[in-house]
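Trainee: Structure supplied as coords-v6.txt; contents: compact mmCIF, C-alpha atoms.
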# COMPACT_ATOMS: atom_id res chain seq x y z
CA MET A 4 32.86 4.36 -12.25
CA ASP A 5 34.26 6.01 -9.16
CA GLU A 6 32.10 5.06 -6.17
CA LYS A 7 32.81 8.38 -4.48
CA GLU A 8 31.58 10.28 -7.51
CA CYS A 9 28.36 8.22 -7.60
CA LYS A 10 27.70 8.98 -3.92
CA ASN A 11 28.34 12.66 -4.58
CA VAL A 12 25.75 12.63 -7.39
CA THR A 13 23.22 10.82 -5.16
CA GLU A 14 23.69 13.49 -2.50
CA GLN A 15 23.25 16.25 -5.07
CA LEU A 16 20.08 14.63 -6.35
CA THR A 17 18.57 14.69 -2.88
CA ASP A 18 19.86 18.10 -1.90
CA PRO A 19 18.08 21.41 -2.35
CA LYS A 20 21.13 22.65 -4.25
CA ASN A 21 20.98 22.02 -7.96
CA LEU A 22 22.85 19.24 -9.63
CA THR A 23 26.23 20.42 -10.89
CA GLU A 24 27.24 20.21 -14.55
CA ALA A 25 29.83 17.58 -13.63
CA GLY A 26 27.08 15.59 -11.95
CA LYS A 27 24.84 15.82 -15.02
CA LYS A 28 27.69 14.62 -17.24
CA HIS A 29 28.38 11.77 -14.85
CA ILE A 30 24.75 10.57 -14.90
CA LYS A 31 24.82 10.36 -18.70
CA VAL A 32 27.66 7.87 -18.65
CA CYS A 33 27.02 6.03 -15.38
CA LYS A 34 24.45 3.23 -15.39
CA LYS A 35 24.32 3.13 -11.59
CA CYS A 36 23.53 6.83 -11.25
CA ALA A 37 20.94 6.61 -14.01
CA THR A 38 19.26 3.89 -11.94
CA THR A 39 19.48 6.14 -8.87
CA VAL A 40 17.66 8.88 -10.78
CA SER A 41 15.06 6.33 -11.83
CA LEU A 42 14.74 5.12 -8.23
CA LEU A 43 14.29 8.64 -6.85
CA LEU A 44 11.68 9.45 -9.49
CA THR A 45 9.81 6.25 -8.61
CA LEU A 46 9.94 7.10 -4.91
CA LYS A 47 8.72 10.65 -5.52
CA ALA A 48 5.83 9.41 -7.65
CA GLY A 49 4.39 7.28 -4.85
CA PRO A 50 3.56 7.76 -1.19
CA THR A 51 6.35 8.54 1.25
CA PRO A 52 7.96 5.63 3.12
CA THR A 53 6.06 6.57 6.28
CA ALA A 54 2.71 7.36 4.65
CA GLY A 55 1.41 3.85 5.26
CA LEU A 56 0.67 4.66 8.89
CA VAL A 57 -2.46 6.76 9.28
CA PRO A 58 -3.92 8.15 12.51
CA SER A 59 -7.23 6.79 13.72
CA PRO A 60 -10.09 9.32 14.08
CA THR A 61 -9.83 8.73 17.85
CA PHE A 62 -6.18 9.81 17.79
CA VAL A 63 -6.94 12.97 15.80
CA ASN A 64 -9.89 13.78 18.05
CA SER A 65 -7.89 13.36 21.24
CA VAL A 66 -5.12 15.64 19.96
CA LEU A 67 -7.65 18.28 18.91
CA ALA A 68 -9.42 17.92 22.25
CA GLY A 69 -6.03 18.37 23.92
CA ILE A 70 -5.71 21.84 22.42
CA GLY A 71 -9.34 22.70 23.06
CA ILE A 72 -10.66 22.30 19.54
CA LYS A 73 -14.00 20.63 19.09
CA SER A 74 -13.35 17.75 16.75
CA ALA A 75 -14.00 18.43 13.09
CA VAL A 76 -13.29 14.78 12.41
CA ALA A 77 -16.14 13.69 14.68
CA SER A 78 -18.62 15.89 12.88
CA SER A 79 -17.38 14.70 9.50
CA ALA A 80 -17.69 11.12 10.77
CA ALA A 81 -21.27 11.86 11.80
CA THR A 82 -21.96 13.28 8.35
CA SER A 83 -20.50 10.21 6.68
CA THR A 84 -22.63 8.00 8.95
CA ALA A 85 -25.71 9.95 7.93
CA THR A 86 -24.72 9.62 4.28
CA ALA A 87 -24.14 5.90 4.73
CA THR A 88 -27.57 5.57 6.36
CA SER A 89 -29.29 7.41 3.54
CA LYS A 90 -27.36 5.27 1.03
CA THR A 91 -28.60 2.16 2.82
CA VAL A 92 -32.17 3.44 2.70
CA VAL A 93 -31.88 4.10 -1.03
CA THR A 94 -30.26 0.69 -1.62
CA VAL A 95 -33.04 -1.06 0.30
CA ALA A 96 -35.63 0.97 -1.56
CA VAL A 97 -34.07 0.09 -4.92
CA ALA A 98 -33.81 -3.58 -3.94
CA LEU A 99 -37.44 -3.56 -2.86
CA GLY A 100 -38.43 -1.82 -6.08
CA LEU A 101 -36.50 -4.36 -8.14
CA ALA A 102 -38.10 -7.21 -6.20
CA THR A 103 -41.51 -5.67 -6.77
CA ALA A 104 -40.86 -5.39 -10.50
CA VAL A 105 -39.64 -9.01 -10.64
CA GLY A 106 -42.64 -10.07 -8.60
CA LEU A 107 -44.99 -8.28 -10.97
CA GLY A 108 -43.30 -9.94 -13.96
CA LEU A 109 -43.69 -13.40 -12.43
CA THR A 110 -47.29 -12.69 -11.47
CA LEU A 111 -48.04 -11.87 -15.09
CA GLY A 112 -46.53 -15.20 -16.07
CA THR A 113 -43.76 -13.69 -18.14
CA ASP A 114 -40.10 -12.86 -17.57
CA ASP A 115 -40.26 -9.90 -19.93
CA SER A 116 -40.29 -7.22 -17.26
CA PHE A 117 -37.32 -8.80 -15.47
CA ASN A 118 -35.37 -9.20 -18.71
CA ASN A 119 -36.12 -5.62 -19.63
CA ILE A 120 -34.79 -4.46 -16.32
CA LEU A 121 -31.57 -6.40 -16.80
CA LYS A 122 -31.12 -4.98 -20.30
CA ASN A 123 -31.71 -1.45 -19.13
CA GLN A 124 -29.17 -1.79 -16.35
CA LYS A 125 -26.39 -1.65 -18.94
CA SER A 126 -26.44 2.12 -19.13
CA GLU A 127 -26.06 4.39 -16.13
CA SER A 128 -28.78 6.78 -17.21
CA ALA A 129 -31.20 3.93 -17.75
CA LYS A 130 -30.28 2.63 -14.32
CA ARG A 131 -31.15 5.97 -12.78
CA ASN A 132 -34.49 5.94 -14.60
CA ILE A 133 -35.26 2.48 -13.26
CA ILE A 134 -34.48 3.61 -9.75
CA GLU A 135 -36.76 6.59 -10.12
CA ILE A 136 -39.58 4.50 -11.60
CA GLU A 137 -39.22 1.87 -8.93
CA LEU A 138 -39.17 4.43 -6.17
CA LEU A 139 -42.41 5.79 -7.66
CA GLU A 140 -43.76 2.25 -7.66
CA LEU A 141 -42.84 1.94 -4.03
CA GLU A 142 -44.62 5.18 -3.27
CA ALA A 143 -47.65 3.88 -5.18
CA LEU A 144 -47.53 0.60 -3.27
CA LYS A 145 -47.57 2.52 -0.01
CA ASN A 146 -50.82 4.16 -1.05
CA ILE A 147 -52.54 0.87 -1.84
CA LYS A 148 -54.70 -0.12 1.08
CA SER A 149 -54.49 -3.75 2.09
CA PRO A 150 -57.74 -5.61 1.38
CA VAL A 151 -60.10 -6.06 4.29
CA LEU A 152 -61.31 -9.64 4.42
CA LYS A 153 -64.85 -10.12 5.58
CA PHE A 154 -66.08 -13.43 6.99
CA ASP A 155 -69.37 -14.38 8.42
CA SER A 156 -69.52 -14.51 12.09
CA PRO A 157 -68.98 -18.06 13.51
CA ALA A 158 -72.31 -17.60 15.25
CA ASN A 159 -74.01 -17.39 11.84
CA GLU A 160 -72.36 -20.65 10.62
CA THR A 161 -73.76 -22.69 13.50
CA LYS A 162 -77.25 -21.66 12.60
CA MET B 11 17.51 18.54 -7.70
CA LEU B 12 14.34 16.48 -7.83
CA LYS B 13 11.32 18.48 -6.75
CA ARG B 14 9.33 17.45 -3.71
CA ASN B 15 6.06 15.77 -4.45
CA LYS B 16 4.68 16.37 -0.98
CA PRO B 17 2.55 19.47 -0.44
CA ASP B 18 4.31 22.28 1.39
CA CYS B 19 3.33 22.54 5.04
CA ALA B 20 3.82 26.33 5.18
CA ASP B 21 0.22 26.93 4.20
CA LEU B 22 -1.07 24.45 6.78
CA ILE B 23 1.04 26.09 9.49
CA ALA B 24 -0.25 29.54 8.55
CA LYS B 25 -3.85 28.29 8.74
CA ALA B 26 -3.19 26.47 12.02
CA LYS B 27 -1.83 29.71 13.50
CA LEU B 28 -5.23 31.24 12.74
CA GLY B 29 -6.91 28.40 14.62
CA ASP B 30 -8.16 26.46 11.60
CA SER B 31 -9.11 23.04 13.01
CA ASP B 32 -8.96 21.40 9.57
CA ALA B 33 -5.35 22.56 9.23
CA PHE B 34 -4.50 20.97 12.58
CA ALA B 35 -6.16 17.72 11.50
CA ASP B 36 -4.29 17.80 8.17
CA ILE B 37 -0.95 18.35 9.90
CA ILE B 38 -1.64 15.34 12.13
CA LYS B 39 -2.56 13.19 9.14
CA GLN B 40 0.49 14.34 7.17
CA TYR B 41 3.06 13.85 9.92
CA TYR B 42 1.61 10.98 11.97
CA GLY B 43 3.41 8.29 9.96
CA LEU B 44 6.76 10.05 10.21
CA VAL B 45 6.48 10.60 13.97
CA MET B 46 5.32 7.04 14.57
CA HIS B 47 8.11 5.50 12.48
CA TYR B 48 10.58 7.84 14.18
CA LEU B 49 9.50 6.57 17.59
CA LEU B 50 9.20 2.95 16.47
CA GLY B 51 12.68 3.29 15.02
CA MET B 52 13.87 4.00 18.56
CA GLY B 53 12.33 0.68 19.59
CA VAL B 54 9.24 2.13 21.32
CA LYS B 55 6.19 -0.12 21.38
CA HIS B 56 3.28 0.94 19.19
CA SER B 57 0.91 1.84 22.05
CA ASP B 58 3.59 3.88 23.85
CA ALA B 59 4.57 5.54 20.57
CA GLU B 60 0.97 6.64 20.03
CA ASP B 61 0.90 8.21 23.52
CA VAL B 62 4.12 10.09 22.86
CA ALA B 63 2.98 11.13 19.37
CA GLN B 64 -0.27 12.44 20.82
CA GLU B 65 1.59 14.54 23.40
CA ALA B 66 4.01 15.72 20.71
CA PHE B 67 1.24 17.03 18.47
CA ILE B 68 -0.48 18.74 21.40
CA THR B 69 2.81 20.40 22.44
CA LEU B 70 3.48 21.39 18.83
CA PHE B 71 0.06 22.98 18.37
CA ARG B 72 0.29 24.87 21.64
CA LYS B 73 3.56 26.39 20.41
CA ILE B 74 2.59 26.72 16.75
CA ASP B 75 3.01 30.50 16.93
CA GLN B 76 6.72 29.94 17.55
CA VAL B 77 7.17 28.34 14.12
CA THR B 78 8.76 31.09 12.08
CA ASN B 79 10.56 28.97 9.52
CA PRO B 80 8.38 26.17 8.05
CA SER B 81 11.47 24.40 6.67
CA THR B 82 12.53 23.56 10.22
CA PHE B 83 9.05 22.35 11.18
CA THR B 84 9.72 18.63 10.67
CA ALA B 85 12.95 18.68 12.62
CA TRP B 86 11.20 20.59 15.41
CA LEU B 87 8.33 18.11 15.57
CA LEU B 88 10.71 15.16 15.75
CA ARG B 89 12.80 16.89 18.41
CA ILE B 90 9.66 17.44 20.50
CA SER B 91 8.75 13.76 20.04
CA ARG B 92 12.21 12.62 21.11
CA ASN B 93 12.27 14.91 24.15
CA LEU B 94 8.82 13.78 25.23
CA PHE B 95 9.86 10.17 24.83
CA ILE B 96 12.95 10.75 26.97
CA ASP B 97 10.87 12.59 29.59
CA LYS B 98 8.37 9.75 29.70
CA LEU B 99 11.17 7.25 29.95
CA ARG B 100 12.65 9.13 32.89
CA LYS B 101 9.32 9.56 34.67
CA GLU B 102 7.95 6.09 34.26
CA LYS B 103 11.14 4.13 33.79
CA LYS B 104 8.97 1.44 32.36
CA ILE B 105 8.52 2.26 28.69
CA ASP B 106 8.91 -0.94 26.77
CA VAL B 107 11.51 -0.43 24.07
CA SER B 108 11.35 -3.99 22.88
CA GLY B 109 9.05 -3.25 19.93
CA SER B 110 9.41 -6.37 17.87
CA GLN B 111 9.49 -6.82 14.13
CA PHE B 112 6.32 -8.90 14.54
CA GLU B 113 4.52 -5.89 15.93
CA LEU B 114 5.79 -3.72 13.11
CA GLU B 115 4.38 -6.22 10.63
CA LEU B 116 0.97 -5.88 12.26
CA LEU B 117 1.05 -2.18 11.50
CA SER B 118 0.38 -2.88 7.87
CA SER B 119 -3.31 -3.18 8.80
CA ASN B 120 -3.26 0.57 9.47
CA LEU B 121 -2.65 1.38 5.81
CA SER B 122 -4.58 4.31 4.38
CA PRO B 123 -6.94 3.48 1.50
CA GLU B 124 -4.66 5.17 -1.04
CA SER B 125 -1.63 3.38 0.32
CA GLU B 126 -3.52 0.08 0.20
CA VAL B 127 -4.12 0.64 -3.48
CA VAL B 128 -0.49 1.48 -4.07
CA SER B 129 0.64 -1.41 -1.86
CA ASN B 130 -0.94 -3.72 -4.37
CA SER B 131 1.33 -2.35 -7.02
CA GLU B 132 4.98 -3.20 -7.34
CA VAL B 133 6.11 0.33 -6.48
CA SER B 134 5.41 0.02 -2.77
CA ASP B 135 7.36 -3.25 -2.69
CA ILE B 136 10.42 -1.04 -2.75
CA PHE B 137 9.76 -0.05 0.86
CA ALA B 138 8.86 -3.56 1.99
CA GLY B 139 11.00 -4.82 4.82
CA LEU B 140 12.63 -1.46 5.51
CA LYS B 141 13.19 -0.70 9.17
CA SER B 142 11.43 2.29 10.70
CA ARG B 143 14.72 4.11 11.13
CA GLU B 144 15.58 3.58 7.48
CA ARG B 145 12.15 4.83 6.42
CA VAL B 146 12.61 7.99 8.51
CA ILE B 147 16.08 8.70 7.10
CA LEU B 148 14.79 8.15 3.57
CA GLU B 149 11.81 10.42 4.14
CA LEU B 150 13.82 13.18 5.80
CA ARG B 151 16.44 13.20 3.06
CA VAL B 152 14.44 12.46 -0.10
CA PHE B 153 11.06 13.99 0.73
CA GLN B 154 11.91 16.70 3.29
CA ASN B 155 15.30 17.57 1.77
CA MET B 156 16.95 17.81 5.16
CA SER B 157 20.72 17.98 5.40
CA PHE B 158 22.66 15.02 6.79
CA ALA B 159 23.64 17.20 9.75
CA GLU B 160 19.99 17.96 10.57
CA ILE B 161 18.99 14.32 10.19
CA GLY B 162 21.89 13.34 12.42
CA GLU B 163 20.70 15.77 15.06
CA VAL B 164 17.12 14.49 15.19
CA GLN B 165 18.17 10.85 14.92
CA GLY B 166 20.89 11.12 17.52
CA MET B 167 23.50 9.99 14.99
CA THR B 168 26.64 11.55 13.60
CA GLU B 169 26.45 13.17 10.18
CA GLY B 170 28.86 10.59 8.80
CA ASN B 171 26.79 7.75 10.17
CA VAL B 172 23.61 9.12 8.57
CA ARG B 173 25.48 9.40 5.25
CA LEU B 174 26.63 5.81 5.55
CA VAL B 175 23.13 4.49 6.33
CA PHE B 176 21.60 6.61 3.55
CA HIS B 177 23.99 5.41 0.86
CA ARG B 178 23.57 1.78 1.93
CA LEU B 179 19.82 2.29 1.79
CA ILE B 180 19.92 3.84 -1.68
CA SER B 181 22.16 1.03 -2.86
CA LYS B 182 19.72 -1.55 -1.44
CA LEU B 183 16.71 0.14 -3.05
CA ARG B 184 18.54 0.54 -6.35
CA ASP B 185 19.28 -3.19 -6.42
CA ARG B 186 15.68 -3.93 -5.49
CA LEU B 187 14.40 -1.68 -8.25
CA ALA B 188 16.78 -3.26 -10.74
CA ASN B 189 15.68 -6.77 -9.74
CA GLU B 190 11.97 -6.04 -9.69
CA PHE B 191 11.68 -3.89 -12.76
CA GLY B 192 14.72 -4.98 -14.73
CA LYS B 193 15.74 -1.39 -15.20
CA VAL B 194 19.45 -2.11 -15.31
Could the structure of this file be written out as structure tokens, please?
Mentor:
Amino acid sequence: MDEKECKNVTEQLTDPKNLTEAGKKHIKVCKKCATTVSLLLTLKAGPTPTAGLVPSPTFVNSVLAGIGIKSAVASSAATSTATATSKTVVTVAVALGLATAVGLGLTLGTDDSFNNILKNQKSESAKRNIIEIELLELEALKNIKSPVLKFDSPANETK
Amino acid sequence: MLKRNKPDCADLIAKAKLGDSDAFADIIKQYYGLVMHYLLGMGVKHSDAEDVAQEAFITLFRKIDQVTNPSTFTAWLLRISRNLFIDKLRKEKKIDVSGSQFELELLSSNLSPESEVVSNSEVSDIFAGLKSRERVILELRVFQNMSFAEIGEVQGMTEGNVRLVFHRLISKLRDRLANEFGKV
């Protein structure tokens, strides 16, 4: 195929003007141009060649500060930090709840409760139920007063 | 013509003109990579390029009301970046333009989460090893649909030279695609 014609088709494919009829006919019979179409479609389907570089929140903030805009990115970062914190709290609570349940199972001398928990974890809804139950357990544990140990006074023992 | 996959910036510009801070942030996120590669393609070191890019965005936003034709927005932004770079070069006479390939390789750690996902796929391998200048030409032509004359203007190259680089680039990518995916 004529190299010049192939280049012309490539330029038409990347130009706002529509592809000419001659160009369309050429693509049908030219393997190279068919590959070019395939290449351009692949490129368009993915990120742009320069999309790999992303600005840091500091960069965005400093530009916004430069034009006198209070950073929206900073506030969204604060929100995400708060979300992350609450997620951590929930994770710790769930872990504690799970540990409590395992502990209870072991105390009773059976692994049944632990095995049940593992089985139930297979479904998402069951998982949510476990979390809720265990959070309730945690709440209940909070309300249990620690036992007060009473000993005789050392003065009494010496008597 | 193949349609652009990238969202149109006209809406963002309109919102930015109304003072929408999210629109400003989105414009920065959308064009940061292009501006950085444009500057890195001129051999500017990464840290200096960030300084110039920062000034370019500030200048752009201060003059956002002057943008009447969104299709010329990209060219305008790159022209501002180039002029600021030249100004800085004149003032300081110490900008390091010896940005090495090693430094460009380090930039891969700045990948966005979505690009990181895609970078694991074979598709992004197409861009691997491309020089910043090549990436910019490819983006301006394929994704921004700029004419060779416009690209030549912002890149400081002749129209014929841009054409030559573009066709070599397409040929290289076509071979790469054929080798990697066996499409030929």
Trainee: Interatomic distance between atom CA of B:Lys182 and atom CA of B:Trp86?
Mentor: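 Atom-to-atom, atom CA of B:Lys182 and atom CA of B:Trp86 are spaced 29.1 Å apart.
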Trainee: Distance atom CA of B:Glu144-atom CA of B:Leu88, one decimal place?
Mentor: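 Between atom CA of B:Glu144 and atom CA of B:Leu88 the gap works out to 15.0 Å.
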Trainee: Quick one, how far is atom CA of B:Ala63 from atom CA of B:Ser91?
Mentor: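 Result for atom CA of B:Ala63 versus atom CA of B:Ser91: 6.4 Å, one decimal.
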Trainee: If the cut-off is 8 Å, can you tell me the residues of chain A near chain B, counting only C-alpha atoms? I'd like them as a JSON list (two decimals) with C-alpha atoms, in the frame of the given file.
Mentor:
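This went into out-v8.json:
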[["chain", "number", "residue", "atom", "x", "y", "z"],
["A", 10, "LYS", "CA", 27.70, 8.98, -3.92],
["A", 15, "GLN", "CA", 23.25, 16.25, -5.07],
["A", 16, "LEU", "CA", 20.08, 14.63, -6.35],
["A", 17, "THR", "CA", 18.57, 14.69, -2.88],
["A", 18, "ASP", "CA", 19.86, 18.10, -1.90],
["A", 19, "PRO", "CA", 18.08, 21.41, -2.35],
["A", 20, "LYS", "CA", 21.13, 22.65, -4.25],
["A", 21, "ASN", "CA", 20.98, 22.02, -7.96],
["A", 22, "LEU", "CA", 22.85, 19.24, -9.63],
["A", 34, "LYS", "CA", 24.45, 3.23, -15.39],
["A", 38, "THR", "CA", 19.26, 3.89, -11.94],
["A", 39, "THR", "CA", 19.48, 6.14, -8.87],
["A", 42, "LEU", "CA", 14.74, 5.12, -8.23],
["A", 43, "LEU", "CA", 14.29, 8.64, -6.85],
["A", 44, "LEU", "CA", 11.68, 9.45, -9.49],
["A", 45, "THR", "CA", 9.81, 6.25, -8.61],
["A", 46, "LEU", "CA", 9.94, 7.10, -4.91],
["A", 47, "LYS", "CA", 8.72, 10.65, -5.52],
["A", 48, "ALA", "CA", 5.83, 9.41, -7.65],
["A", 49, "GLY", "CA", 4.39, 7.28, -4.85],
["A", 50, "PRO", "CA", 3.56, 7.76, -1.19],
["A", 51, "THR", "CA", 6.35, 8.54, 1.25],
["A", 52, "PRO", "CA", 7.96, 5.63, 3.12],
["A", 53, "THR", "CA", 6.06, 6.57, 6.28],
["A", 54, "ALA", "CA", 2.71, 7.36, 4.65],
["A", 55, "GLY", "CA", 1.41, 3.85, 5.26],
["A", 56, "LEU", "CA", 0.67, 4.66, 8.89],
["A", 57, "VAL", "CA", -2.46, 6.76, 9.28],
["A", 58, "PRO", "CA", -3.92, 8.15, 12.51],
["A", 62, "PHE", "CA", -6.18, 9.81, 17.79],
["A", 63, "VAL", "CA", -6.94, 12.97, 15.80],
["A", 65, "SER", "CA", -7.89, 13.36, 21.24],
["A", 66, "VAL", "CA", -5.12, 15.64, 19.96],
["A", 67, "LEU", "CA", -7.65, 18.28, 18.91],
["A", 69, "GLY", "CA", -6.03, 18.37, 23.92],
["A", 70, "ILE", "CA", -5.71, 21.84, 22.42],
["A", 72, "ILE", "CA", -10.66, 22.30, 19.54],
["A", 74, "SER", "CA", -13.35, 17.75, 16.75],
["A", 75, "ALA", "CA", -14.00, 18.43, 13.09],
["A", 76, "VAL", "CA", -13.29, 14.78, 12.41]]
